file entry37.txt (compact mmCIF, C-alpha atoms)
# COMPACT_ATOMS: atom_id res chain seq x y z
CA MET R 1 29.01 -23.61 24.93
CA LYS R 2 25.72 -22.17 23.64
CA MET R 3 23.80 -23.99 26.36
CA LYS R 4 26.03 -22.49 29.05
CA SER R 5 25.55 -18.97 27.65
CA ARG R 6 21.76 -19.44 27.50
CA ARG R 7 21.66 -20.64 31.11
CA SER R 8 23.74 -17.67 32.18
CA LEU R 9 21.32 -15.28 30.48
CA GLU R 10 18.32 -17.01 32.02
CA ALA R 11 19.92 -16.87 35.47
CA SER R 12 20.63 -13.14 35.08
CA ALA R 13 17.07 -12.45 33.98
CA LEU R 14 15.66 -14.53 36.85
CA LEU R 15 17.84 -12.61 39.32
CA ALA R 16 16.48 -9.32 37.95
CA LEU R 17 12.95 -10.64 38.37
CA LEU R 18 13.61 -11.70 41.97
CA LEU R 19 15.10 -8.29 42.76
CA LEU R 20 12.05 -6.56 41.35
CA LEU R 21 9.73 -8.86 43.31
CA SER R 22 11.54 -8.18 46.58
CA SER R 23 11.51 -4.44 45.88
CA SER R 24 7.78 -4.62 45.16
CA GLN R 25 7.13 -6.35 48.47
CA ALA R 26 9.11 -3.67 50.28
CA GLN R 27 6.99 -1.00 48.59
CA SER R 28 3.68 -2.72 49.34
CA GLN R 29 3.10 -0.45 52.32
CA ASP R 30 3.71 2.70 50.27
CA ILE R 31 1.06 5.30 49.48
CA GLN R 32 -2.56 4.46 48.75
CA CYS R 33 -4.40 6.77 46.39
CA ARG R 34 -7.17 7.92 48.71
CA THR R 35 -9.74 9.61 46.52
CA SER R 36 -13.32 9.16 45.42
CA ALA R 37 -12.51 10.60 41.97
CA LYS R 38 -13.37 8.59 38.88
CA ALA R 39 -10.69 7.74 36.34
CA ASP R 40 -10.53 5.47 33.30
CA ILE R 41 -6.95 4.25 32.78
CA VAL R 42 -5.78 2.29 29.73
CA LEU R 43 -2.40 0.53 29.99
CA LEU R 44 -0.76 0.11 26.57
CA VAL R 45 1.93 -2.56 26.86
CA ASP R 46 4.64 -3.38 24.31
CA GLY R 47 4.66 -7.17 23.81
CA SER R 48 7.17 -7.26 20.94
CA TRP R 49 9.91 -9.88 20.56
CA SER R 50 12.59 -7.47 21.86
CA VAL R 51 11.01 -7.58 25.33
CA GLY R 52 11.47 -11.32 25.87
CA ARG R 53 9.54 -13.68 28.14
CA PHE R 54 11.65 -13.14 31.27
CA ASN R 55 11.36 -9.37 31.01
CA PHE R 56 7.63 -9.63 30.32
CA ARG R 57 7.30 -11.23 33.76
CA ILE R 58 8.94 -8.12 35.21
CA ILE R 59 6.48 -5.95 33.27
CA ARG R 60 3.55 -7.91 34.75
CA ASN R 61 4.88 -7.30 38.25
CA PHE R 62 5.50 -3.63 37.43
CA ILE R 63 1.88 -3.26 36.29
CA ALA R 64 0.64 -4.88 39.50
CA ASP R 65 2.69 -2.33 41.47
CA ILE R 66 1.23 0.58 39.48
CA VAL R 67 -2.42 -0.40 39.95
CA GLY R 68 -2.01 -1.49 43.58
CA PRO R 69 -2.73 1.87 45.28
CA PHE R 70 -6.02 2.54 43.46
CA ASN R 71 -9.58 1.91 44.62
CA ILE R 72 -10.84 -0.24 41.74
CA GLY R 73 -14.54 -0.26 40.91
CA PRO R 74 -17.27 1.05 38.62
CA ASP R 75 -17.64 4.19 40.73
CA ASN R 76 -13.90 4.78 41.19
CA VAL R 77 -10.93 3.76 39.04
CA GLN R 78 -11.30 1.40 36.09
CA ILE R 79 -8.28 -0.05 34.29
CA ALA R 80 -8.10 -1.62 30.83
CA LEU R 81 -5.06 -3.20 29.20
CA THR R 82 -4.13 -3.47 25.54
CA GLN R 83 -1.02 -5.29 24.30
CA TYR R 84 0.58 -4.44 21.00
CA SER R 85 3.36 -5.52 18.66
CA GLY R 86 2.85 -5.84 14.89
CA ASP R 87 -0.87 -5.88 15.59
CA THR R 88 -2.86 -4.82 18.65
CA ARG R 89 -5.34 -6.63 20.87
CA THR R 90 -7.36 -5.64 23.93
CA GLU R 91 -6.63 -7.99 26.81
CA TRP R 92 -9.51 -6.56 28.86
CA HIS R 93 -11.75 -3.48 28.74
CA LEU R 94 -12.37 -0.80 31.36
CA ASN R 95 -15.48 -2.54 32.70
CA SER R 96 -14.08 -6.10 32.59
CA HIS R 97 -12.70 -6.33 36.15
CA PRO R 98 -14.79 -4.44 38.76
CA THR R 99 -12.61 -5.36 41.77
CA LYS R 100 -8.91 -5.08 42.53
CA GLU R 101 -8.69 -8.82 43.19
CA LEU R 102 -10.03 -9.67 39.73
CA LEU R 103 -7.81 -7.04 38.11
CA LEU R 104 -4.62 -8.38 39.76
CA GLN R 105 -5.54 -11.92 38.73
CA ALA R 106 -5.81 -10.73 35.13
CA VAL R 107 -2.44 -8.95 35.37
CA ASN R 108 -0.80 -12.08 36.77
CA SER R 109 -2.05 -14.21 33.87
CA LEU R 110 -1.33 -11.67 31.11
CA PRO R 111 0.13 -13.64 28.14
CA TYR R 112 3.19 -12.57 26.17
CA LYS R 113 2.35 -11.67 22.57
CA GLY R 114 5.54 -11.24 20.50
CA GLY R 115 5.95 -9.34 17.22
CA ASN R 116 7.14 -5.94 15.95
CA THR R 117 6.81 -2.48 17.57
CA MET R 118 3.98 -0.48 15.98
CA THR R 119 3.39 2.10 18.70
CA GLY R 120 1.60 4.67 16.53
CA PHE R 121 -1.03 2.17 15.39
CA ALA R 122 -1.50 1.04 19.02
CA LEU R 123 -2.11 4.63 20.19
CA ARG R 124 -4.80 5.07 17.55
CA PHE R 125 -6.26 1.68 18.47
CA ILE R 126 -6.90 2.52 22.15
CA LEU R 127 -8.60 5.80 21.18
CA ARG R 128 -10.97 3.98 18.81
CA ASN R 129 -11.51 0.82 20.86
CA ASN R 130 -10.79 1.38 24.58
CA PHE R 131 -11.80 4.97 25.29
CA GLN R 132 -15.40 4.28 24.24
CA PRO R 133 -18.66 4.35 26.24
CA GLY R 134 -19.64 0.88 25.00
CA VAL R 135 -16.71 -0.76 26.85
CA GLY R 136 -16.93 1.14 30.12
CA MET R 137 -15.62 4.68 29.55
CA ARG R 138 -17.58 7.16 31.70
CA PRO R 139 -18.20 10.79 30.64
CA ASP R 140 -17.47 12.12 34.15
CA ALA R 141 -14.17 10.21 34.62
CA ARG R 142 -10.66 11.46 33.92
CA LYS R 143 -9.02 9.69 30.98
CA ILE R 144 -5.42 8.49 31.34
CA ALA R 145 -3.20 6.25 29.19
CA VAL R 146 0.13 4.69 30.20
CA LEU R 147 2.46 3.43 27.47
CA ILE R 148 5.15 0.87 28.43
CA THR R 149 7.66 0.10 25.65
CA ASP R 150 11.26 -1.05 25.19
CA GLY R 151 11.94 0.17 21.65
CA LYS R 152 11.58 2.85 19.02
CA SER R 153 8.30 2.75 17.12
CA GLN R 154 8.36 1.46 13.57
CA ASP R 155 5.55 3.82 12.58
CA GLU R 156 4.37 7.42 13.13
CA VAL R 157 3.60 8.47 16.73
CA ILE R 158 3.34 12.29 16.71
CA PHE R 159 -0.16 12.66 15.23
CA SER R 160 -1.36 9.48 16.92
CA SER R 161 -0.45 10.72 20.40
CA GLN R 162 -1.76 14.22 19.63
CA SER R 163 -5.16 12.75 18.74
CA LEU R 164 -5.34 11.15 22.19
CA ARG R 165 -4.38 14.37 23.95
CA ASP R 166 -6.89 16.36 21.85
CA SER R 167 -9.54 13.90 23.05
CA GLY R 168 -8.75 14.74 26.67
CA VAL R 169 -6.50 11.76 27.41
CA GLU R 170 -3.52 12.42 29.70
CA LEU R 171 -0.58 10.39 28.35
CA TYR R 172 2.27 8.80 30.32
CA ALA R 173 5.20 7.14 28.53
CA VAL R 174 7.53 4.62 30.20
CA GLY R 175 10.55 3.55 28.15
CA VAL R 176 13.07 0.77 28.81
CA LYS R 177 16.48 0.11 27.27
CA GLN R 178 16.37 1.02 23.56
CA ALA R 179 13.23 3.15 23.78
CA ASP R 180 13.85 6.56 22.16
CA LYS R 181 13.73 9.34 24.78
CA LYS R 182 12.81 12.02 22.23
CA GLU R 183 9.98 9.84 20.94
CA LEU R 184 8.75 9.27 24.50
CA GLU R 185 8.75 13.05 25.09
CA LEU R 186 6.69 13.57 21.93
CA ILE R 187 4.16 10.99 23.10
CA ALA R 188 3.86 12.04 26.75
CA SER R 189 1.73 14.93 27.99
CA ASP R 190 3.50 17.98 29.41
CA PRO R 191 5.46 18.36 31.58
CA ASP R 192 7.88 15.56 30.66
CA GLU R 193 9.27 15.48 34.22
CA VAL R 194 5.90 14.15 35.39
CA HIS R 195 4.75 12.08 32.40
CA MET R 196 7.90 10.59 30.83
CA TYR R 197 10.15 7.90 32.34
CA HIS R 198 13.15 6.05 30.94
CA VAL R 199 15.27 3.34 32.57
CA ARG R 200 18.32 1.51 31.26
CA ASP R 201 17.04 -2.00 31.94
CA PHE R 202 13.90 -3.82 33.04
CA SER R 203 15.46 -4.44 36.46
CA PHE R 204 15.36 -0.65 37.06
CA LEU R 205 11.58 -0.41 36.67
CA ALA R 206 11.26 -0.87 40.44
CA ASP R 207 13.11 2.43 40.90
CA ILE R 208 10.31 4.46 39.28
CA VAL R 209 7.28 2.69 40.78
CA HIS R 210 6.81 5.12 43.67
CA SER R 211 7.20 8.26 41.55
CA LEU R 212 4.86 6.96 38.84
CA ARG R 213 2.20 5.95 41.36
CA VAL R 214 2.32 9.39 43.00
CA ASN R 215 1.96 11.16 39.65
CA LEU R 216 -0.81 8.84 38.48
CA CYS R 217 -2.65 9.44 41.74
CA ASN R 218 -2.34 13.19 41.18
CA SER R 219 -3.78 12.73 37.70
CA VAL R 220 -6.69 10.71 39.06
CA LYS R 221 -7.45 13.28 41.75
CA GLY R 222 -6.99 16.36 39.60
CA SER R 223 -7.09 19.77 41.30
CA ASP R 224 -9.26 22.83 41.02
CA THR R 225 -6.53 24.91 42.64
CA GLU R 226 -3.06 24.27 41.28
CA LEU R 227 -0.42 23.68 43.96
CA ALA R 228 2.36 26.24 43.53
CA PRO R 229 5.87 24.78 43.23
CA PRO R 230 8.87 25.89 45.30
CA THR R 231 11.14 28.50 43.69
CA ASN R 232 14.78 29.64 43.57
CA LEU R 233 16.72 26.38 43.48
CA VAL R 234 20.28 26.85 44.78
CA THR R 235 23.06 24.27 45.08
CA SER R 236 26.04 24.66 47.43
CA GLU R 237 28.62 22.73 49.48
CA VAL R 238 29.61 20.75 46.39
CA THR R 239 32.06 17.87 46.90
CA HIS R 240 33.02 14.86 44.82
CA HIS R 241 30.26 12.76 46.40
CA SER R 242 27.56 15.19 47.57
CA PHE R 243 25.99 18.64 47.33
CA ARG R 244 23.36 20.65 49.16
CA VAL R 245 20.08 21.67 47.51
CA SER R 246 18.06 24.64 48.86
CA TRP R 247 14.86 26.30 47.69
CA THR R 248 12.27 28.92 48.62
CA ALA R 249 8.92 27.65 49.94
CA PRO R 250 5.67 28.51 48.11
CA GLU R 251 3.30 30.98 49.78
CA LEU R 252 0.88 28.33 51.05
CA PRO R 253 2.11 25.75 53.62
CA VAL R 254 3.01 22.28 52.32
CA LYS R 255 3.10 18.87 54.01
CA MET R 256 6.45 17.84 52.57
CA TYR R 257 8.83 18.22 49.65
CA ARG R 258 9.73 15.40 47.28
CA VAL R 259 13.26 15.69 45.89
CA THR R 260 14.22 13.45 42.96
CA TYR R 261 17.65 13.32 41.36
CA ALA R 262 19.35 11.27 38.67
CA GLU R 263 22.43 11.37 36.47
CA VAL R 264 21.77 13.48 33.38
CA ALA R 265 23.51 10.84 31.26
CA GLY R 266 20.94 8.26 32.39
CA GLY R 267 20.31 5.93 35.31
CA PRO R 268 17.82 5.23 38.09
CA SER R 269 16.03 8.15 39.73
CA MET R 270 16.57 8.54 43.49
CA GLU R 271 14.12 10.20 45.84
CA LEU R 272 14.15 11.99 49.21
CA LEU R 273 11.20 13.22 51.28
CA VAL R 274 11.80 16.43 53.24
CA ASP R 275 9.56 17.87 55.96
CA GLY R 276 7.43 20.79 54.79
CA ASN R 277 9.07 23.15 57.33
CA VAL R 278 12.54 22.45 55.88
CA THR R 279 13.79 23.95 52.62
CA THR R 280 17.19 22.32 52.21
CA THR R 281 18.73 18.86 52.04
CA VAL R 282 22.03 17.21 51.14
CA LEU R 283 22.21 14.67 48.31
CA GLU R 284 24.85 12.08 49.21
CA ASN R 285 26.59 8.97 47.82
CA LEU R 286 26.91 10.55 44.37
CA SER R 287 29.41 9.74 41.64
CA SER R 288 32.34 12.10 41.18
CA LEU R 289 32.55 14.52 38.23
CA THR R 290 28.95 13.72 37.25
CA GLU R 291 26.10 16.05 36.29
CA TYR R 292 22.83 15.46 38.18
CA ALA R 293 19.34 16.68 37.34
CA VAL R 294 17.35 17.69 40.44
CA ASN R 295 13.57 18.16 40.77
CA VAL R 296 11.88 19.53 43.90
CA TYR R 297 8.09 19.11 44.30
CA ALA R 298 5.80 20.60 46.94
CA VAL R 299 3.40 17.95 48.30
CA VAL R 300 0.00 18.48 49.97
CA ASP R 301 -2.35 15.53 50.65
CA GLU R 302 -0.31 13.34 48.27
CA VAL R 303 -0.78 15.86 45.44
CA SER R 304 2.51 17.14 43.99
CA SER R 305 3.20 20.50 42.40
CA GLU R 306 5.03 21.04 39.14
CA PRO R 307 8.77 20.47 39.70
CA LEU R 308 11.38 23.11 40.44
CA LYS R 309 14.29 21.99 38.26
CA GLY R 310 18.06 22.41 38.32
CA THR R 311 21.38 20.69 37.64
CA GLN R 312 24.71 20.39 39.44
CA THR R 313 27.98 18.62 38.64
CA THR R 314 29.98 16.99 41.43
CA LEU R 315 33.69 17.65 41.82
CA PRO R 316 36.39 15.23 40.66
CA ALA R 317 37.46 12.63 43.21
CA PRO R 318 40.23 13.82 45.55
CA LYS R 319 43.78 12.91 44.59
CA ASN R 320 46.71 12.47 46.96
CA LEU R 321 49.53 14.96 47.17
CA SER R 322 53.18 14.08 46.92
CA VAL R 323 55.19 14.95 50.06
CA SER R 324 59.01 14.70 50.02
CA ASP R 325 62.29 16.18 51.29
CA GLU R 326 61.15 16.26 54.92
CA THR R 327 63.49 17.85 57.46
CA SER R 328 62.89 18.54 61.13
CA SER R 329 61.20 21.87 60.24
CA SER R 330 60.06 21.67 56.61
CA MET R 331 58.74 19.49 53.81
CA LYS R 332 58.09 19.85 50.08
CA VAL R 333 54.55 19.42 48.74
CA SER R 334 53.95 18.89 45.02
CA TRP R 335 50.97 18.09 42.79
CA GLU R 336 49.88 17.79 39.18
CA VAL R 337 48.65 20.93 37.44
CA GLU R 338 44.86 21.36 37.25
CA ASP R 339 43.49 22.88 34.04
CA GLY R 340 41.97 26.31 34.61
CA ALA R 341 43.33 26.76 38.12
CA THR R 342 44.08 30.42 38.91
CA GLU R 343 45.33 29.83 42.45
CA TYR R 344 46.11 27.02 44.90
CA LEU R 345 45.49 27.11 48.63
CA LEU R 346 47.30 24.69 50.93
CA LEU R 347 45.76 24.19 54.36
CA TYR R 348 47.90 22.22 56.79
CA ARG R 349 47.93 21.45 60.49
CA SER R 350 49.50 19.14 63.01
CA ILE R 351 47.45 16.08 63.92
CA ASN R 352 49.43 15.45 67.11
CA ALA R 353 47.35 15.79 70.26
CA SER R 354 49.96 18.02 71.92
CA GLU R 355 50.07 20.52 69.05
CA PRO R 356 47.54 23.27 68.23
CA ARG R 357 45.05 22.03 65.59
CA LEU R 358 44.58 25.35 63.81
CA ASN R 359 44.88 25.36 60.03
CA LYS R 360 47.74 27.29 58.48
CA VAL R 361 47.31 28.51 54.90
CA VAL R 362 49.75 28.96 52.04
CA SER R 363 48.66 30.55 48.73
CA VAL R 364 50.50 29.96 45.44
CA ALA R 365 49.82 30.98 41.84
CA GLY R 366 47.93 28.75 39.42
CA ASP R 367 51.03 27.94 37.37
CA VAL R 368 52.96 26.61 40.41
CA THR R 369 52.86 22.90 41.24
CA GLU R 370 55.03 22.68 44.38
CA THR R 371 55.84 24.64 47.49
CA GLN R 372 57.82 24.34 50.70
CA LEU R 373 56.11 24.23 54.09
CA VAL R 374 58.46 25.76 56.67
CA GLU R 375 58.66 26.50 60.41
CA LEU R 376 57.20 23.11 61.23
CA THR R 377 57.55 21.22 64.51
CA PRO R 378 60.08 18.35 64.56
CA ASN R 379 58.85 14.74 64.66
CA THR R 380 55.26 15.82 63.92
CA GLU R 381 52.66 14.46 61.52
CA TYR R 382 50.82 17.02 59.38
CA SER R 383 47.53 16.76 57.49
CA ILE R 384 47.57 18.70 54.20
CA LEU R 385 44.65 19.78 52.02
CA LEU R 386 45.09 21.51 48.65
CA LEU R 387 42.27 23.46 46.98
CA ALA R 388 42.52 24.33 43.29
CA LEU R 389 40.63 27.58 42.68
CA GLN R 390 39.12 28.98 39.51
CA ASP R 391 38.33 32.65 40.12
CA GLU R 392 38.04 32.01 43.88
CA THR R 393 35.75 28.98 43.39
CA PRO R 394 37.14 25.61 44.61
CA THR R 395 37.08 23.03 41.81
CA VAL R 396 39.43 20.24 42.97
CA THR R 397 40.63 19.03 46.36
CA LYS R 398 43.69 16.91 47.05
CA LYS R 399 44.80 15.40 50.34
CA GLY R 400 48.07 14.22 51.80
CA ARG R 401 50.15 13.75 54.94
CA GLY R 402 53.71 14.46 55.88
CA LEU R 403 55.96 13.73 58.88
CA THR R 404 58.85 15.95 59.92
CA ARG R 405 62.06 14.37 61.12
CA PRO R 406 63.24 14.47 64.73
CA VAL R 407 66.23 16.60 65.66
CA TRP R 408 69.13 14.11 65.88
CA GLY R 409 72.56 14.45 67.37
CA GLU R 410 75.61 13.34 65.45
CA ALA R 411 75.73 9.65 64.44
CA ASN R 412 72.50 8.81 66.28
CA PRO R 413 71.79 5.07 65.75
CA GLN R 414 68.00 5.62 65.94
CA GLU R 415 68.02 7.71 62.77
CA ASN R 416 68.15 4.70 60.43
CA ASN R 417 65.18 3.10 62.20
CA TYR R 418 63.23 6.36 61.87
CA LEU R 419 63.97 6.63 58.17
CA ASN R 420 62.86 3.04 57.52
CA ASN R 421 59.62 3.48 59.48
CA HIS R 422 58.96 6.80 57.77
CA GLU R 423 59.21 5.25 54.31
CA GLU R 424 56.67 2.59 55.28
CA ARG R 425 54.23 5.26 56.54
CA ARG R 426 54.78 7.37 53.43
CA ASP R 427 53.73 4.36 51.30
CA GLU R 428 50.52 4.04 53.34
CA TRP R 429 49.67 7.75 52.93
CA GLN R 430 50.34 7.86 49.20

call {"tool": "encode", "arguments": {"input": "entry37.txt", "output": "structure tokens"}}
result
Amino acid sequence: MKMKSRRSLEASALLALLLLLSSSQAQSQDIQCRTSAKADIVLLVDGSWSVGRFNFRIIRNFIADIVGPFNIGPDNVQIALTQYSGDTRTEWHLNSHPTKELLLQAVNSLPYKGGNTMTGFALRFILRNNFQPGVGMRPDARKIAVLITDGKSQDEVIFSSQSLRDSGVELYAVGVKQADKKELELIASDPDEVHMYHVRDFSFLADIVHSLRVNLCNSVKGSDTELAPPTNLVTSEVTHHSFRVSWTAPELPVKMYRVTYAEVAGGPSMELLVDGNVTTTVLENLSSLTEYAVNVYAVVDEVSSEPLKGTQTTLPAPKNLSVSDETSSSMKVSWEVEDGATEYLLLYRSINASEPRLNKVVSVAGDVTETQLVELTPNTEYSILLLALQDETPTVTKKGRGLTRPVWGEANPQENNYLNNHEERRDEWQ
């Protein structure tokens, strides 16, 4: 029984690795960081026992994805890597691998260390041992550190990370699973929206590769003139599975806008690219009754502005109405009460081709949960939409259908057939 469980876990981890590999291949044609700027980047990788060997393979592939866009060399970008757990060791220094080919070979053969999670000590270690002229650090290069961890540190991190920032090091923090978001925010440079990432599982690391590479490229390039962000974020057209996001463009023209969004409660970050002449887009395929955090960046020459931030909660999923007591000219519509509703609007119309398709509207008070639709056409199918309003703002929608009865003569034998067919259709609608 234990052997079966172990195999199941190994199969799941291998599947996650294969998914990440396929995602990485799909992203291989993504942006290249085209710049002649110099940067010294130190990757600080958690190799503690909680990571595990299968997940460490995913981390190796994630690192290869991060460094892929950069022009590696002694006159461009240099990358060192230090692995930590209970103790800390430098796997290679900034000047160890002067070409991308050699660097990727080193990443591919990176060994798994194992041990505890002493992040604070590791942060102090890279300042004393990796960001030093004797091992390749250049005085005219930008200094950047990227922490990758899956757990809460077992020692102090606030002063350790502050020492790095005070020394001119720009800090990124990438957390997985049990990593503490508040601790990651304390470690990362400001703003957190650019420098701090958190995913629920190692298999979700692929979802942040593009965003992290863009932000790292911006850090490498730097900017003498700060790119102004868009302003005035507005959400509208909210449904249970989508909403529209609009903003005001900055004064200077931009190439495009990058829109990222994710569930506030946690989950993978999604991204849309919008043409620089457009200032609105619709976010689709969302979960119902869920709060989303939205960031909009202006982008010029692959440099992103600070984000314009906002949140929006989707509506609850639509619920069906109950339709009953149909006659040839009326039907009763009923529904469950919605908390906070001040008014209900019922919009209904015939869906028969021979009938006008204009909506008719009935308004009822918020404490009413049924109404009668009258003056209907016999033997006609109607589409019904109910909106629950809170101070004139729609909060819930419900849908239903109803079918009026034909006008029968006395003892018409077709009436029983109609009633049987109608009950079958009613079951389908409900």

call {"tool": "atom_distance", "arguments": {"input": "entry37.txt", "atom1": "CA of Phe159 (chain R)", "atom2": "CA of Ser211 (chain R)"}}
result
27.7 Å

call {"tool": "closest_residue", "arguments": {"input": "entry37.txt", "among": "R:Val303, R:Leu94, R:Leu273, R:Leu227", "to": "Leu252 (chain R)", "atoms": "all atoms listed in the file"}}
result
R:Leu227

call {"tool": "closest_residue", "arguments": {"input": "entry37.txt", "among": "R:Ala106, R:Leu171, R:Met118, R:Met256", "to": "Pro230 (chain R)", "atoms": "only C-alpha atoms"}}
result
R:Met256

call {"tool": "residues_around", "arguments": {"input": "entry37.txt", "residues": "Ser160 (chain R)", "least_positions_apart": "6", "cutoff": "9 Å", "atoms": "only C-alpha atoms", "output": "PDB file with C-alpha atoms, in the frame of the given file"}}
result
ATOM      1  CA  THR R 119       3.390   2.100  18.700  1.00  0.00           C
ATOM      2  CA  GLY R 120       1.600   4.670  16.530  1.00  0.00           C
ATOM      3  CA  PHE R 121      -1.030   2.170  15.390  1.00  0.00           C
ATOM      4  CA  ALA R 122      -1.500   1.040  19.020  1.00  0.00           C
ATOM      5  CA  LEU R 123      -2.110   4.630  20.190  1.00  0.00           C
ATOM      6  CA  ARG R 124      -4.800   5.070  17.550  1.00  0.00           C
ATOM      7  CA  ILE R 187       4.160  10.990  23.100  1.00  0.00           C
TER       8      ILE R 187
END

call {"tool": "residues_around", "arguments": {"input": "entry37.txt", "residues": "Ser50 (chain R)", "least_positions_apart": "6", "cutoff": "12 Å", "atoms": "all atoms listed in the file", "output": "JSON, numbers by chain"}}
result
{"R": [56, 85, 112, 113, 114, 115, 116, 117, 149, 150, 151, 152, 176, 177, 178, 179, 202]}

call {"tool": "atom_distance", "arguments": {"input": "entry37.txt", "atom1": "CA of Ala80 (chain R)", "atom2": "CA of Lys182 (chain R)"}}
result
26.4 Å

call {"tool": "atom_distance", "arguments": {"input": "entry37.txt", "atom1": "CA of Thr342 (chain R)", "atom2": "CA of Pro394 (chain R)"}}
result
10.2 Å

call {"tool": "closest_residue", "arguments": {"input": "entry37.txt", "among": "R:Ser383, R:Ser334, R:Thr82, R:Thr239", "to": "Phe131 (chain R)", "atoms": "all atoms listed in the file"}}
result
R:Thr82

call {"tool": "closest_residue", "arguments": {"input": "entry37.txt", "among": "R:Asn295, R:Thr290, R:Ser163, R:Ser203", "to": "Thr231 (chain R)", "atoms": "only C-alpha atoms"}}
result
R:Asn295

call {"tool": "residues_around", "arguments": {"input": "entry37.txt", "residues": "Pro139 (chain R)", "least_positions_apart": "4", "cutoff": "12 Å", "atoms": "only C-alpha atoms", "output": "PyMOL selection string"}}
result
chain R and resi 38-40+131-134+143+167-168

call {"tool": "residues_around", "arguments": {"input": "entry37.txt", "residues": "Gly68 (chain R)", "least_positions_apart": "5", "cutoff": "9 Å", "atoms": "all atoms listed in the file", "output": "tab-separated table (two decimals) with C-alpha atoms, keeping the file's coordinate frame"}}
result
chain	number	residue	atom	x	y	z
R	28	SER	CA	3.68	-2.72	49.34
R	32	GLN	CA	-2.56	4.46	48.75
R	63	ILE	CA	1.88	-3.26	36.29
R	100	LYS	CA	-8.91	-5.08	42.53
R	104	LEU	CA	-4.62	-8.38	39.76
R	213	ARG	CA	2.20	5.95	41.36

call {"tool": "closest_residue", "arguments": {"input": "entry37.txt", "among": "R:Ile148, R:Asp207, R:Ala293, R:Thr279", "to": "Glu263 (chain R)", "atoms": "only C-alpha atoms"}}
result
R:Ala293

call {"tool": "decode", "arguments": {"input": "entry37.txt", "residues": "region 145-156 of chain R", "atoms": "N, CA, C and O atoms", "output": "compact mmCIF listing (two decimals), in the first residue's frame"}}
result
# COMPACT_ATOMS: atom_id res chain seq x y z
N ALA R 145 19.28 40.55 -6.93
CA ALA R 145 19.22 39.22 -6.32
C ALA R 145 17.81 38.67 -6.45
O ALA R 145 16.83 39.40 -6.32
N VAL R 146 17.71 37.36 -6.72
CA VAL R 146 16.41 36.69 -6.86
C VAL R 146 16.38 35.52 -5.89
O VAL R 146 17.14 34.55 -6.04
N LEU R 147 15.50 35.61 -4.89
CA LEU R 147 15.30 34.54 -3.93
C LEU R 147 14.19 33.61 -4.41
O LEU R 147 13.12 34.08 -4.81
N ILE R 148 14.43 32.29 -4.36
CA ILE R 148 13.41 31.29 -4.69
C ILE R 148 13.29 30.35 -3.49
O ILE R 148 14.25 29.64 -3.15
N THR R 149 12.13 30.33 -2.83
CA THR R 149 11.99 29.54 -1.60
C THR R 149 10.59 28.93 -1.52
O THR R 149 9.65 29.44 -2.12
N ASP R 150 10.47 27.84 -0.77
CA ASP R 150 9.15 27.21 -0.61
C ASP R 150 8.69 27.19 0.85
O ASP R 150 7.72 26.51 1.18
N GLY R 151 9.36 27.94 1.73
CA GLY R 151 8.95 27.89 3.13
C GLY R 151 9.27 29.16 3.89
O GLY R 151 9.95 30.06 3.39
N LYS R 152 8.78 29.22 5.10
CA LYS R 152 9.05 30.35 5.99
C LYS R 152 10.45 30.19 6.58
O LYS R 152 10.85 29.10 6.98
N SER R 153 11.18 31.30 6.65
CA SER R 153 12.54 31.24 7.17
C SER R 153 12.53 30.88 8.65
O SER R 153 11.64 31.26 9.41
N GLN R 154 13.55 30.15 9.04
CA GLN R 154 13.72 29.78 10.45
C GLN R 154 14.64 30.75 11.18
O GLN R 154 15.04 30.49 12.32
N ASP R 155 15.00 31.85 10.52
CA ASP R 155 15.79 32.88 11.18
C ASP R 155 15.34 34.26 10.70
O ASP R 155 14.41 34.39 9.89
N GLU R 156 15.98 35.30 11.19
CA GLU R 156 15.61 36.69 10.92
C GLU R 156 15.91 37.09 9.48
O GLU R 156 16.96 36.76 8.94
